[in-house]
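Undergrad: Take a look at the following structure, please.
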Amino acid sequence: MAQLLAETADLLEIGAGDPFRIRSYRRAAEAVETTTIQLSTIAGDPKKLQEIPGIGKGMAANIQEIERAGTLPLREELLLKYKPTMLELLRLPGMGPKTVALLWDALQIGSVEELEAAIAAGRLAGLPRFGDKLVEKLRKGIEDYKQNSGRFLIDDAEIAAEKLIAYLLELPGFTTILPAGSLRRGRDTVGDLDILATGPGCAEDKVSAAVEHAANYPPAATMLAKGQNKVSFRLRSGLQVDVRLLPEGSYGAALQYFTGSKMHNVSVRQRALKRGYTLSEYALARVDDGSFVAGATEEEIYAALGLDWIPPELRENNGEIEAAEAHRLPILIEEADIRGDVHMHTHATDGKNSILEMAEAGIARGYEYIAITDHSKNLAMTNGLDDKRALEHVKRIREVDAELEGKIRVFPGIEVDILGDGALDLSDEVLAQMDVVIASVHTLFNQPEQQMTERVLRAIENPYVRILGHPTGRLLLRREPFQMDLTAVLRRAAVLGVAVEHNAFPDRLDLCDRDLRLAKEMGCRIAINTDSHHTSHLTKMRYGIRQLRRAWLSKQDVLNTLPARKFLAALRPRPT
Ligand code: DGT
Ligand code: CA
Ligand code: CA
Ligand code: ZN
């Protein structure tokens with residue numbers, strides 16, 4: 001819903017529509033995005049809808065229309081006026097509705113392909129505002145976009161999977177339905193969904209009813225294939241889904257096969273062959289007489305091959321098979337091990353909630369501590385804090401901490417900007433008042449590698465910096481990591497005792513799994529944070545946990561599994 005409303009605002013803006021109207025769509029999109037109320041439960045009640053701040057009478061009607069028809073007539077109308085592909089132009093970095101409007105008015109460019117062709121032909125050169133730099137940025141952006149298109153963020157994929165699974169379970173006869181593939185392995189982005197279902201209703205003589213039920217999934221926008229025990233379709237978002245219905249006896253074999261990764265499966269199959277077995281998506285069987293060995297569960301298949309069961313996050317052919325054989329698989333970190341979240345924002349800057357609300361959300365999750373780390377003034381569009389406001393904020397945080405009487409500890413902190421030359425955005429005297437100083441790059445992402453490396457190295461030399469925030473600056477599917485010698489930065493961070501962050505927000509997820517392994521090898525301390533801008537964001541911790549698990553990390557590798565006092569003591573010591 002939020003996306004449809006935001007897209008409508010974009011399309012109105014491309015058409016230079018009434019600014020008030022545009023703003024009301026944007027506000028509504030934001031309201032829908034952040035409300036904790038499940039809109040489908042109150043969609044029939046315009047009064048209740050209008051109680052949500054940001055939703056007026058007109059927007060309530062729009063929400064009802066979306067709930068009823070799955071889209072918004074105004075959006076469809078505007079798309080017809082331009083081109084349905086217009087919206088994908090907006091996903092390019094540096095592209096806003098005004099630029100899209102300009103390209104459309106001057107050159108009738110309405111898709112990424114057309115823009116690419118126009119750049120290649122040099123047709124942008126004559127346009128006002130399109131200097132060499134911007135054109136080069138767009139060219140690079142198209143390259144990234146094409147590389148990433150067709151993949152989806154892990155939270156979007158998970159939500160789509162959960163909805164589909166809830167729908168499938170409405171038909172009696174299923175006992176287990178799980179996502180396999182990259183989603184089960186916890187990869188940071190997902191290409192398509194592989195959903196595996198089993199139960200008495202999937203037995204050979206009953207499966208056709210289950211296939212029909214799956215094929216009737218209302219959000220399925222395009223049917224791609226309907227077979228005997230398989231249905232494939234595409235959702236409106238473009239995400240492809242393969243649903244497979246399996247008899248109970250081969251569910252484990254199918255789950256193992258479709259979880260992958262391909263390279264893991266190749267190694268496991270070779271191992272099976274060496275032991276006189278064949279492994280397929282149906283069963284583990286003897287080569288000589290084809291007799292059945294195992295198939296109902298993954299555990300019995302791995303056991304028959306002399307292996308401990310391997311957590312899906314490790315199945316990347318990275319040494320997990322050898323470790324499983326030697327009974328040396330790590331005990332991977334779990335979400336329940338996390339005792340605090342130390343990167344989050346409040347409405348003092350660009351967050352949506354108060355200090356107390358964030359603390360209460362932390363209590364609700366069973367945390368022992370949080371840190372409030374708002375932005376600094378360099379990020380003017382977030383209303384970032386200057387020295388004076390930062391000190392006032394510390395005072396308020398301490399007051400809330402005291403009011404809560406130990407129900408949760410609320411540490412004063414800051415996410416201070418690393419300026420272009422590596423200096424920090426706030427004075428040392430102010431940083432000295434904070435328990436958790438996170439230093440992050442938020443601007444000037446395009447510096448050459450050496451300059452960026454020196455910039456970040458200089459920043460972490462500041463003795464008050466305790467955590468390096470989202471260390472690569474990537475935005476999944478939108479922005480590549482900036483150029484930096486990460487190894488050099490991690491090496492120095494380890495020496496200084498500066499912890500590196502894993503940012504659990506699903507469009508960041510940096511350090512990535514590979515870099516987390518590197519950080520551990522270099523002896524770095526690691527903290528995992530959600531970077532929440534809303535109380536509801538604290539739950540995003542789980543996406544980051546998946547990445548830590550993919551990096552083979554255990555509880556003791558991560559600082560914020562420690563109790564409050566030990567956590568503070570494990571951070572880089574304050575200068576004396
Ligand atoms: P994705 O969808 O690109 O994010 O990545 P996956 O890993 O979900 O890949 P997908 O959907 O193509 O296939 C799901 C799993 O099925 C894959 O991880 C392993 C298994 N699989 C698919 N095709 C093959 C194949 O040709 N050979 C083998 N050994 N396994 C395959
Ligand atoms: Ca997949
Ligand atoms: Ca697939
Ligand atoms: Zn940040």
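Identifiers in the structure tokens: chain A, B, ... in order shown; residue index from 1 per chain; ligand index from 1 in order shown.
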Env of segment 95-111 of chain A: 12 Å cut, atoms = only C-alpha atoms, seq-sep filter 3 positions within chain, self excluded. Answer as a PyMOL selection string.
TA: chain A and resi 6-17+22+79-92+114-119+123-130+134-135+137-139+141-142+478
Undergrad: Which residues, written as a list of chain:residue names, have at least one atom at most 9 Å from Val416 of chain A, with only C-alpha atoms counted and residues fewer than 5 positions away on the same chain left out?
TA: A:Thr373, A:Asp374, A:His375, A:Ser376, A:Lys377, A:Asn378, A:Leu424, A:Asp425, A:Leu426, A:Leu431, A:Val437, A:Ile438, A:Ala439, A:Ser440, A:Val441, A:Val465
Undergrad: Enumerate as a ChimeraX atom specification all residues of segment 77-310 of chain A assigned to alpha helix (DSSP H) by DSSP on the backbone, naming them with the chain letters and numbers the document uses.
TA: /A:77-81,86-89,97-107,112-120,132-148,154-168,181-185,207-215,251-259,262-274,298-304
Undergrad: Determine, counting only C-alpha atoms, which protein, DNA and RNA residues have an atom within 8 Å of an atom of segment 328-339 of chain A; residues of the same chain fewer than 4 positions away are not included. Present the result as number ranges by chain.
TA: A: 310, 320, 323-324, 366-369, 541-542, 545, 548-549, 552-555, 560-564
Undergrad: Please run DSSP on the backbone and report, as a VMD selection string, all residues within segment 418-506 of chain A that come out as strand (DSSP E or B).
TA: chain A and resid 418 424 436 to 440 467 to 468 475 479 499 to 503
Undergrad: Please report, as JSON lines, each residue of chain A lying at most 6 Å from ligand 1, together with the nearest pair of atoms and the separation in Å rounded to one decimal; use only C-alpha atoms and all ligand atoms, and order rows by chain and ascending residue number.
TA:
```
{"residue": "A:Gly181", "atom": "CA", "partner": "ligand 1", "partner_atom_place_in_ligand_line": "8 (O)", "distance": 3.3}
{"residue": "A:Ser182", "atom": "CA", "partner": "ligand 1", "partner_atom_place_in_ligand_line": "8 (O)", "distance": 3.8}
{"residue": "A:Val190", "atom": "CA", "partner": "ligand 1", "partner_atom_place_in_ligand_line": "4 (O)", "distance": 3.8}
{"residue": "A:Gly191", "atom": "CA", "partner": "ligand 1", "partner_atom_place_in_ligand_line": "4 (O)", "distance": 3.6}
{"residue": "A:Asp192", "atom": "CA", "partner": "ligand 1", "partner_atom_place_in_ligand_line": "2 (O)", "distance": 4.2}
{"residue": "A:Tyr257", "atom": "CA", "partner": "ligand 1", "partner_atom_place_in_ligand_line": "20 (C)", "distance": 5.4}
{"residue": "A:Phe258", "atom": "CA", "partner": "ligand 1", "partner_atom_place_in_ligand_line": "16 (O)", "distance": 3.6}
{"residue": "A:Thr259", "atom": "CA", "partner": "ligand 1", "partner_atom_place_in_ligand_line": "18 (O)", "distance": 5.0}
{"residue": "A:Gly260", "atom": "CA", "partner": "ligand 1", "partner_atom_place_in_ligand_line": "18 (O)", "distance": 3.2}
{"residue": "A:Ser261", "atom": "CA", "partner": "ligand 1", "partner_atom_place_in_ligand_line": "18 (O)", "distance": 3.8}
{"residue": "A:Lys262", "atom": "CA", "partner": "ligand 1", "partner_atom_place_in_ligand_line": "19 (C)", "distance": 4.3}
{"residue": "A:Asn265", "atom": "CA", "partner": "ligand 1", "partner_atom_place_in_ligand_line": "29 (N)", "distance": 5.1}
{"residue": "A:Val266", "atom": "CA", "partner": "ligand 1", "partner_atom_place_in_ligand_line": "29 (N)", "distance": 5.5}
```
Undergrad: Skipping near chain neighbours, those fewer than 4 positions away, what residues fall within 7 Å of Glu248 of chain A using only C-alpha atoms, listed as an NGL selection string?
TA: :A and (198-199 or 296)
Undergrad: Could you build a table of the residues in segment 306-356 of chain A lying no more than 7 Å from segment 528-536 of chain A, giving for each the nearest pair of atoms and their separation in Å rounded to one decimal place, using only C-alpha atoms, ordered by chain and ascending residue number, as JSON lines?
TA:
```
{"residue": "A:Asp341", "atom": "CA", "partner": "A:Asn529", "partner_atom": "CA", "distance": 5.3}
{"residue": "A:Val342", "atom": "CA", "partner": "A:Asn529", "partner_atom": "CA", "distance": 5.9}
{"residue": "A:His343", "atom": "CA", "partner": "A:Asp531", "partner_atom": "CA", "distance": 4.8}
{"residue": "A:Met344", "atom": "CA", "partner": "A:Asp531", "partner_atom": "CA", "distance": 4.6}
{"residue": "A:His345", "atom": "CA", "partner": "A:His533", "partner_atom": "CA", "distance": 5.1}
{"residue": "A:Thr346", "atom": "CA", "partner": "A:His533", "partner_atom": "CA", "distance": 6.5}
{"residue": "A:Asp350", "atom": "CA", "partner": "A:His533", "partner_atom": "CA", "distance": 6.9}
{"residue": "A:Gly351", "atom": "CA", "partner": "A:His533", "partner_atom": "CA", "distance": 4.2}
{"residue": "A:Lys352", "atom": "CA", "partner": "A:His534", "partner_atom": "CA", "distance": 5.2}
{"residue": "A:Asn353", "atom": "CA", "partner": "A:His534", "partner_atom": "CA", "distance": 5.9}
```
Undergrad: Would you compute the distance between atom CA of Ala220 of chain A and atom CA of Phe233 of chain A? Give it in Å to one decimal.
TA: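 These two atoms are separated by 6.0 Å.
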Undergrad: Between A:Val500, A:Leu196, A:Val293, A:Ile55, which has the minimum distance to Tyr277 of chain A (counting only C-alpha atoms)?
TA: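 Of the candidates, the smallest distance to Tyr277 of chain A is held by A:Val293.
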Undergrad: Can you pull out every residue within 6 Å of segment 486-495 of chain A, counting only C-alpha atoms, but drop anything in the same chain fewer than 2 positions away, and send it as a list in words?
TA: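 In the requested format, the answer is Met484, Gly497, Val498, Met522, Gly523 and Cys524 of chain A.
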Undergrad: Show which residues sit within 12 Å of Leu246 of chain A, as a tab-separated table (two decimals) with all heavy atoms, in the first residue's frame. Count only C-alpha atoms, and ignore same-chain residues fewer than 3 positions away.
TA:
```
chain	number	residue	atom	x	y	z
A	173	GLY	N	-4.65	-30.32	5.23
A	173	GLY	CA	-3.88	-31.36	4.56
A	173	GLY	C	-2.41	-31.05	4.46
A	173	GLY	O	-1.63	-31.85	3.95
A	174	PHE	N	-2.00	-29.85	4.93
A	174	PHE	CA	-0.57	-29.55	4.96
A	174	PHE	C	-0.05	-29.70	6.39
A	174	PHE	O	-0.72	-29.29	7.34
A	174	PHE	CB	-0.29	-28.11	4.52
A	174	PHE	CG	-0.57	-27.86	3.06
A	174	PHE	CD1	-1.61	-27.02	2.67
A	174	PHE	CD2	0.21	-28.46	2.08
A	174	PHE	CE1	-1.87	-26.78	1.34
A	174	PHE	CE2	-0.05	-28.21	0.74
A	174	PHE	CZ	-1.09	-27.38	0.37
A	175	THR	N	1.11	-30.27	6.55
A	175	THR	CA	1.73	-30.28	7.88
A	175	THR	C	2.91	-29.31	7.95
A	175	THR	O	3.13	-28.67	8.96
A	175	THR	CB	2.23	-31.68	8.26
A	175	THR	OG1	3.01	-32.19	7.17
A	175	THR	CG2	1.07	-32.61	8.56
A	176	THR	N	3.67	-29.20	6.87
A	176	THR	CA	4.86	-28.35	6.87
A	176	THR	C	4.94	-27.59	5.57
A	176	THR	O	4.81	-28.19	4.49
A	176	THR	CB	6.15	-29.20	7.01
A	176	THR	OG1	5.97	-30.14	8.06
A	176	THR	CG2	7.36	-28.33	7.27
A	177	ILE	N	5.16	-26.29	5.66
A	177	ILE	CA	5.44	-25.49	4.47
A	177	ILE	C	6.61	-24.58	4.80
A	177	ILE	O	6.53	-23.77	5.73
A	177	ILE	CB	4.24	-24.65	4.01
A	177	ILE	CG1	2.98	-25.52	3.88
A	177	ILE	CG2	4.55	-23.96	2.68
A	177	ILE	CD1	1.74	-24.76	3.43
A	178	LEU	N	7.69	-24.70	4.07
A	178	LEU	CA	8.89	-23.89	4.35
A	178	LEU	C	9.42	-23.27	3.08
A	178	LEU	O	9.32	-23.86	1.99
A	178	LEU	CB	10.01	-24.79	4.92
A	178	LEU	CG	9.88	-25.33	6.33
A	178	LEU	CD1	11.00	-26.31	6.60
A	178	LEU	CD2	9.90	-24.18	7.32
A	195	ILE	N	9.10	-22.44	-2.50
A	195	ILE	CA	8.27	-22.82	-1.36
A	195	ILE	C	7.98	-24.32	-1.46
A	195	ILE	O	7.51	-24.80	-2.50
A	195	ILE	CB	6.94	-22.04	-1.36
A	195	ILE	CG1	7.21	-20.52	-1.39
A	195	ILE	CG2	6.07	-22.42	-0.17
A	195	ILE	CD1	7.85	-19.96	-0.16
A	196	LEU	N	8.25	-25.03	-0.37
A	196	LEU	CA	8.05	-26.48	-0.36
A	196	LEU	C	7.00	-26.86	0.66
A	196	LEU	O	7.11	-26.51	1.83
A	196	LEU	CB	9.36	-27.19	-0.02
A	196	LEU	CG	10.55	-26.92	-0.94
A	196	LEU	CD1	11.70	-27.84	-0.58
A	196	LEU	CD2	10.16	-27.13	-2.40
A	197	ALA	N	5.98	-27.59	0.21
A	197	ALA	CA	4.89	-27.96	1.10
A	197	ALA	C	4.74	-29.47	1.14
A	197	ALA	O	4.97	-30.16	0.13
A	197	ALA	CB	3.58	-27.33	0.60
A	198	THR	N	4.36	-29.97	2.30
A	198	THR	CA	4.04	-31.39	2.40
A	198	THR	C	2.93	-31.62	3.41
A	198	THR	O	2.54	-30.70	4.14
A	198	THR	CB	5.28	-32.23	2.79
A	198	THR	OG1	4.98	-33.61	2.57
A	198	THR	CG2	5.66	-32.02	4.26
A	199	GLY	N	2.46	-32.84	3.45
A	199	GLY	CA	1.37	-33.21	4.35
A	199	GLY	C	0.51	-34.25	3.64
A	199	GLY	O	0.75	-34.52	2.46
A	200	PRO	N	-0.48	-34.80	4.33
A	200	PRO	CA	-1.32	-35.83	3.71
A	200	PRO	C	-1.97	-35.32	2.41
A	200	PRO	O	-2.17	-36.09	1.48
A	200	PRO	CB	-2.39	-36.11	4.77
A	200	PRO	CG	-1.84	-35.60	6.06
A	200	PRO	CD	-0.84	-34.54	5.73
A	201	GLY	N	-2.25	-34.01	2.35
A	201	GLY	CA	-2.89	-33.44	1.16
A	201	GLY	C	-1.97	-33.39	-0.05
A	201	GLY	O	-2.41	-33.01	-1.14
A	202	CYS	N	-0.70	-33.72	0.13
A	202	CYS	CA	0.24	-33.71	-0.99
A	202	CYS	C	0.50	-35.12	-1.51
A	202	CYS	O	1.33	-35.31	-2.40
A	202	CYS	CB	1.56	-33.06	-0.57
A	202	CYS	SG	1.37	-31.34	-0.09
A	203	ALA	N	-0.17	-36.09	-0.93
A	203	ALA	CA	-0.01	-37.45	-1.44
A	203	ALA	C	-0.48	-37.49	-2.89
A	203	ALA	O	-1.31	-36.69	-3.30
A	203	ALA	CB	-0.82	-38.43	-0.59
A	204	GLU	N	0.05	-38.45	-3.63
A	204	GLU	CA	-0.14	-38.46	-5.09
A	204	GLU	C	-1.60	-38.36	-5.53
A	204	GLU	O	-1.93	-37.63	-6.46
A	204	GLU	CB	0.46	-39.75	-5.66
A	204	GLU	CG	1.29	-39.52	-6.90
A	204	GLU	CD	2.14	-40.73	-7.20
A	204	GLU	OE1	3.17	-40.93	-6.51
A	204	GLU	OE2	1.74	-41.47	-8.11
A	205	ASP	N	-2.50	-39.07	-4.80
A	205	ASP	CA	-3.89	-39.09	-5.23
A	205	ASP	C	-4.66	-37.85	-4.79
A	205	ASP	O	-5.80	-37.66	-5.15
A	205	ASP	CB	-4.57	-40.36	-4.70
A	205	ASP	CG	-4.42	-40.48	-3.18
A	205	ASP	OD1	-3.43	-39.94	-2.64
A	205	ASP	OD2	-5.31	-41.07	-2.54
A	206	LYS	N	-4.02	-37.01	-3.97
A	206	LYS	CA	-4.76	-35.84	-3.48
A	206	LYS	C	-4.19	-34.52	-3.98
A	206	LYS	O	-4.78	-33.47	-3.82
A	206	LYS	CB	-4.68	-35.80	-1.95
A	206	LYS	CG	-5.14	-37.06	-1.26
A	206	LYS	CD	-6.10	-36.71	-0.11
A	206	LYS	CE	-6.61	-37.93	0.59
A	206	LYS	NZ	-5.57	-38.58	1.42
A	207	VAL	N	-3.01	-34.60	-4.59
A	207	VAL	CA	-2.22	-33.38	-4.78
A	207	VAL	C	-2.89	-32.38	-5.73
A	207	VAL	O	-2.64	-31.19	-5.65
A	207	VAL	CB	-0.78	-33.72	-5.22
A	207	VAL	CG1	-0.77	-34.28	-6.64
A	207	VAL	CG2	0.14	-32.53	-5.08
A	208	SER	N	-3.78	-32.85	-6.62
A	208	SER	CA	-4.33	-31.92	-7.61
A	208	SER	C	-5.14	-30.80	-6.95
A	208	SER	O	-5.11	-29.65	-7.39
A	208	SER	CB	-5.16	-32.66	-8.65
A	208	SER	OG	-6.19	-33.36	-7.99
A	210	ALA	N	-4.48	-29.52	-4.04
A	210	ALA	CA	-3.49	-28.60	-3.48
A	210	ALA	C	-2.90	-27.72	-4.58
A	210	ALA	O	-2.66	-26.52	-4.37
A	210	ALA	CB	-2.39	-29.38	-2.77
A	211	VAL	N	-2.67	-28.29	-5.75
A	211	VAL	CA	-2.13	-27.51	-6.88
A	211	VAL	C	-3.12	-26.41	-7.26
A	211	VAL	O	-2.74	-25.25	-7.46
A	211	VAL	CB	-1.83	-28.44	-8.09
A	211	VAL	CG1	-1.63	-27.62	-9.35
A	211	VAL	CG2	-0.61	-29.30	-7.80
A	228	GLN	N	2.07	-31.10	-12.33
A	228	GLN	CA	1.41	-32.09	-11.50
A	228	GLN	C	1.54	-31.79	-10.01
A	228	GLN	O	0.63	-32.02	-9.23
A	228	GLN	CB	1.99	-33.46	-11.79
A	228	GLN	CG	1.07	-34.26	-12.65
A	228	GLN	CD	1.64	-35.63	-12.94
A	228	GLN	OE1	2.72	-35.99	-12.46
A	228	GLN	NE2	0.93	-36.37	-13.74
A	229	ASN	N	2.73	-31.33	-9.65
A	229	ASN	CA	2.93	-31.02	-8.23
A	229	ASN	C	3.67	-29.71	-8.05
A	229	ASN	O	4.33	-29.48	-7.06
A	229	ASN	CB	3.66	-32.16	-7.51
A	229	ASN	CG	5.10	-32.26	-7.97
A	229	ASN	OD1	5.45	-31.74	-9.03
A	229	ASN	ND2	5.93	-32.90	-7.18
A	230	LYS	N	3.59	-28.85	-9.06
A	230	LYS	CA	4.33	-27.60	-9.00
A	230	LYS	C	3.53	-26.47	-9.62
A	230	LYS	O	2.85	-26.67	-10.64
A	230	LYS	CB	5.65	-27.76	-9.77
A	230	LYS	CG	6.52	-26.53	-9.70
A	230	LYS	CD	7.76	-26.64	-10.59
A	230	LYS	CE	8.22	-25.25	-10.91
A	230	LYS	NZ	9.32	-25.16	-11.81
A	243	VAL	N	6.10	-23.00	-6.18
A	243	VAL	CA	5.55	-23.79	-5.08
A	243	VAL	C	5.62	-25.26	-5.47
A	243	VAL	O	5.13	-25.63	-6.54
A	243	VAL	CB	4.08	-23.41	-4.79
A	243	VAL	CG1	3.55	-24.20	-3.60
A	243	VAL	CG2	3.94	-21.92	-4.55
A	249	GLY	N	7.21	-38.61	2.38
A	249	GLY	CA	8.43	-39.44	2.38
A	249	GLY	C	9.60	-38.79	1.69
A	249	GLY	O	10.76	-39.18	1.93
A	250	SER	N	9.38	-37.83	0.80
A	250	SER	CA	10.53	-37.21	0.13
A	250	SER	C	10.72	-35.74	0.49
A	250	SER	O	11.51	-35.04	-0.12
A	250	SER	CB	10.44	-37.39	-1.40
A	250	SER	OG	9.16	-37.20	-1.86
A	251	TYR	N	10.00	-35.29	1.51
A	251	TYR	CA	10.09	-33.86	1.84
A	251	TYR	C	11.50	-33.44	2.23
A	251	TYR	O	12.00	-32.40	1.78
A	251	TYR	CB	9.11	-33.51	2.97
A	251	TYR	CG	9.00	-32.02	3.20
A	251	TYR	CD1	8.39	-31.21	2.25
A	251	TYR	CD2	9.50	-31.44	4.36
A	251	TYR	CE1	8.29	-29.84	2.45
A	251	TYR	CE2	9.41	-30.06	4.56
A	251	TYR	CZ	8.80	-29.27	3.60
A	251	TYR	OH	8.71	-27.92	3.79
A	252	GLY	N	12.17	-34.26	3.03
A	252	GLY	CA	13.52	-33.92	3.47
A	252	GLY	C	14.49	-33.85	2.30
A	252	GLY	O	15.35	-32.95	2.22
A	253	ALA	N	14.35	-34.79	1.37
A	253	ALA	CA	15.24	-34.81	0.20
A	253	ALA	C	15.00	-33.56	-0.65
A	253	ALA	O	15.96	-32.92	-1.13
A	253	ALA	CB	15.00	-36.07	-0.63
A	254	ALA	N	13.72	-33.20	-0.81
A	254	ALA	CA	13.41	-32.01	-1.61
A	254	ALA	C	13.90	-30.75	-0.91
A	254	ALA	O	14.47	-29.85	-1.53
A	254	ALA	CB	11.91	-31.93	-1.86
A	255	LEU	N	13.71	-30.71	0.40
A	255	LEU	CA	14.14	-29.54	1.16
A	255	LEU	C	15.66	-29.38	1.04
A	255	LEU	O	16.17	-28.28	0.83
A	255	LEU	CB	13.73	-29.70	2.62
A	255	LEU	CG	13.86	-28.48	3.53
A	255	LEU	CD1	13.06	-27.31	2.98
A	255	LEU	CD2	13.38	-28.82	4.95
A	281	GLU	N	16.33	-35.12	-5.60
A	281	GLU	CA	15.31	-34.36	-4.87
A	281	GLU	C	14.23	-35.27	-4.30
A	281	GLU	O	13.37	-34.80	-3.56
A	281	GLU	CB	14.71	-33.30	-5.79
A	281	GLU	CG	14.07	-33.91	-7.01
A	281	GLU	CD	13.93	-32.92	-8.16
A	281	GLU	OE1	12.95	-32.15	-8.15
A	281	GLU	OE2	14.81	-32.93	-9.04
A	282	TYR	N	14.25	-36.57	-4.64
A	282	TYR	CA	13.24	-37.50	-4.12
A	282	TYR	C	13.73	-38.32	-2.96
A	282	TYR	O	12.97	-38.62	-2.04
A	282	TYR	CB	12.76	-38.43	-5.24
A	282	TYR	CG	12.28	-37.66	-6.43
A	282	TYR	CD1	13.04	-37.57	-7.59
A	282	TYR	CD2	11.08	-36.96	-6.37
A	282	TYR	CE1	12.61	-36.82	-8.67
A	282	TYR	CE2	10.63	-36.19	-7.44
A	282	TYR	CZ	11.40	-36.13	-8.59
A	282	TYR	OH	10.98	-35.37	-9.63
A	283	ALA	N	15.02	-38.71	-2.99
A	283	ALA	CA	15.50	-39.59	-1.92
A	283	ALA	C	17.00	-39.80	-2.02
A	283	ALA	O	17.63	-39.53	-3.04
A	283	ALA	CB	14.80	-40.95	-2.02
A	295	GLY	N	14.80	-39.99	3.19
A	295	GLY	CA	14.12	-38.99	2.37
A	295	GLY	C	13.15	-38.09	3.12
A	295	GLY	O	12.86	-36.99	2.69
A	296	ALA	N	12.65	-38.54	4.28
A	296	ALA	CA	11.60	-37.76	4.94
A	296	ALA	C	12.15	-36.53	5.64
A	296	ALA	O	11.48	-35.50	5.69
A	296	ALA	CB	10.85	-38.64	5.94
```
Undergrad: When you count only C-alpha atoms and all ligand atoms, which of these residues is closest to ligand 3: A:Glu360, A:Glu521, A:Glu405, A:Asp194?
TA: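 Under the stated criterion, the closest residue is A:Asp194.
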Undergrad: So, with only C-alpha atoms and all ligand atoms as the atoms that count, which of A:Leu168, A:Ile154, A:Ala361, A:Ala504 lies closest to ligand 2?
TA: A:Ile154
Undergrad: Record the distance separating atom CA of Val394 of chain A and atom CA of Gly473 of chain A, expressed in Å with one decimal.
TA: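 Spanning atom CA of Val394 of chain A to atom CA of Gly473 of chain A is a straight-line distance of 26.5 Å.
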Undergrad: Counting only C-alpha atoms, what is within 12 Å of Pro481 of chain A, bar same-chain residues fewer than 6 positions away, as a CSV table (one decimal) with N, CA, C and O atoms, in the first residue's frame?
TA:
```csv
chain,number,residue,atom,x,y,z
A,144,ASP,N,24.5,-0.6,-12.5
A,144,ASP,CA,24.2,-1.2,-11.2
A,144,ASP,C,22.8,-1.8,-11.2
A,144,ASP,O,22.6,-2.9,-10.8
A,441,VAL,N,30.1,7.1,7.6
A,441,VAL,CA,30.1,7.9,6.4
A,441,VAL,C,28.7,8.0,5.8
A,441,VAL,O,28.1,7.0,5.6
A,442,HIS,N,28.2,9.2,5.6
A,442,HIS,CA,26.9,9.4,5.0
A,442,HIS,C,27.0,10.3,3.8
A,442,HIS,O,25.9,10.5,3.1
A,445,PHE,N,30.3,9.7,-1.2
A,445,PHE,CA,30.6,8.3,-1.3
A,445,PHE,C,31.5,8.0,-2.5
A,445,PHE,O,32.0,6.9,-2.6
A,446,ASN,N,31.7,9.0,-3.3
A,446,ASN,CA,32.5,8.7,-4.6
A,446,ASN,C,33.9,9.1,-4.5
A,446,ASN,O,34.6,9.1,-5.5
A,447,GLN,N,34.5,9.3,-3.3
A,447,GLN,CA,35.9,9.6,-3.2
A,447,GLN,C,36.7,8.4,-3.7
A,447,GLN,O,36.3,7.2,-3.6
A,449,GLU,N,39.5,5.5,-3.9
A,449,GLU,CA,39.8,4.5,-2.8
A,449,GLU,C,40.7,5.0,-1.7
A,449,GLU,O,40.5,4.9,-0.5
A,452,MET,N,39.2,7.7,0.5
A,452,MET,CA,38.2,7.1,1.4
A,452,MET,C,38.9,6.3,2.5
A,452,MET,O,38.5,6.4,3.7
A,470,HIS,N,27.8,1.1,9.8
A,470,HIS,CA,27.6,0.6,8.4
A,470,HIS,C,28.9,0.8,7.5
A,470,HIS,O,28.9,1.7,6.7
A,471,PRO,N,29.9,-0.1,7.7
A,471,PRO,CA,31.2,0.2,7.2
A,471,PRO,C,31.5,0.3,5.7
A,471,PRO,O,32.5,0.7,5.3
A,472,THR,N,30.5,-0.2,4.9
A,472,THR,CA,30.8,-0.1,3.5
A,472,THR,C,29.8,0.9,2.8
A,472,THR,O,30.0,1.2,1.6
A,473,GLY,N,28.8,1.4,3.4
A,473,GLY,CA,27.9,2.3,2.8
A,473,GLY,C,27.0,1.8,1.8
A,473,GLY,O,26.3,2.5,1.1
A,474,ARG,N,27.0,0.5,1.6
A,474,ARG,CA,26.2,0.0,0.5
A,474,ARG,C,24.7,0.1,0.8
A,474,ARG,O,24.3,0.1,2.0
A,475,LEU,N,23.9,0.2,-0.2
A,475,LEU,CA,22.4,0.1,-0.1
A,475,LEU,C,22.0,-1.0,-1.1
A,475,LEU,O,22.2,-0.8,-2.3
A,508,ARG,N,20.7,-2.6,4.0
A,508,ARG,CA,22.1,-2.4,4.2
A,508,ARG,C,22.8,-3.8,4.4
A,508,ARG,O,23.6,-4.2,3.6
A,509,LEU,N,22.7,-4.4,5.6
A,509,LEU,CA,23.3,-5.7,5.9
A,509,LEU,C,24.8,-5.6,5.6
A,509,LEU,O,25.3,-6.6,5.0
A,510,ASP,N,25.5,-4.5,6.0
A,510,ASP,CA,26.9,-4.6,5.9
A,510,ASP,C,27.5,-4.4,7.3
A,510,ASP,O,26.8,-3.8,8.2
A,511,LEU,N,28.6,-5.0,7.6
A,511,LEU,CA,29.4,-5.8,6.7
A,511,LEU,C,28.7,-7.1,6.2
A,511,LEU,O,27.9,-7.7,6.9
A,512,CYS,N,28.9,-7.5,4.9
A,512,CYS,CA,28.3,-8.7,4.4
A,512,CYS,C,29.0,-9.9,5.0
A,512,CYS,O,30.0,-9.8,5.7
A,515,ASP,N,32.7,-10.3,4.5
A,515,ASP,CA,33.5,-9.3,5.2
A,515,ASP,C,33.4,-9.5,6.7
A,515,ASP,O,34.4,-9.2,7.5
```
Undergrad: Have a look at atom CA of Tyr25 of chain A and atom CA of Leu78 of chain A and let me know their distance in Å, one decimal.
TA: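 Spanning atom CA of Tyr25 of chain A to atom CA of Leu78 of chain A is a straight-line distance of 14.1 Å.
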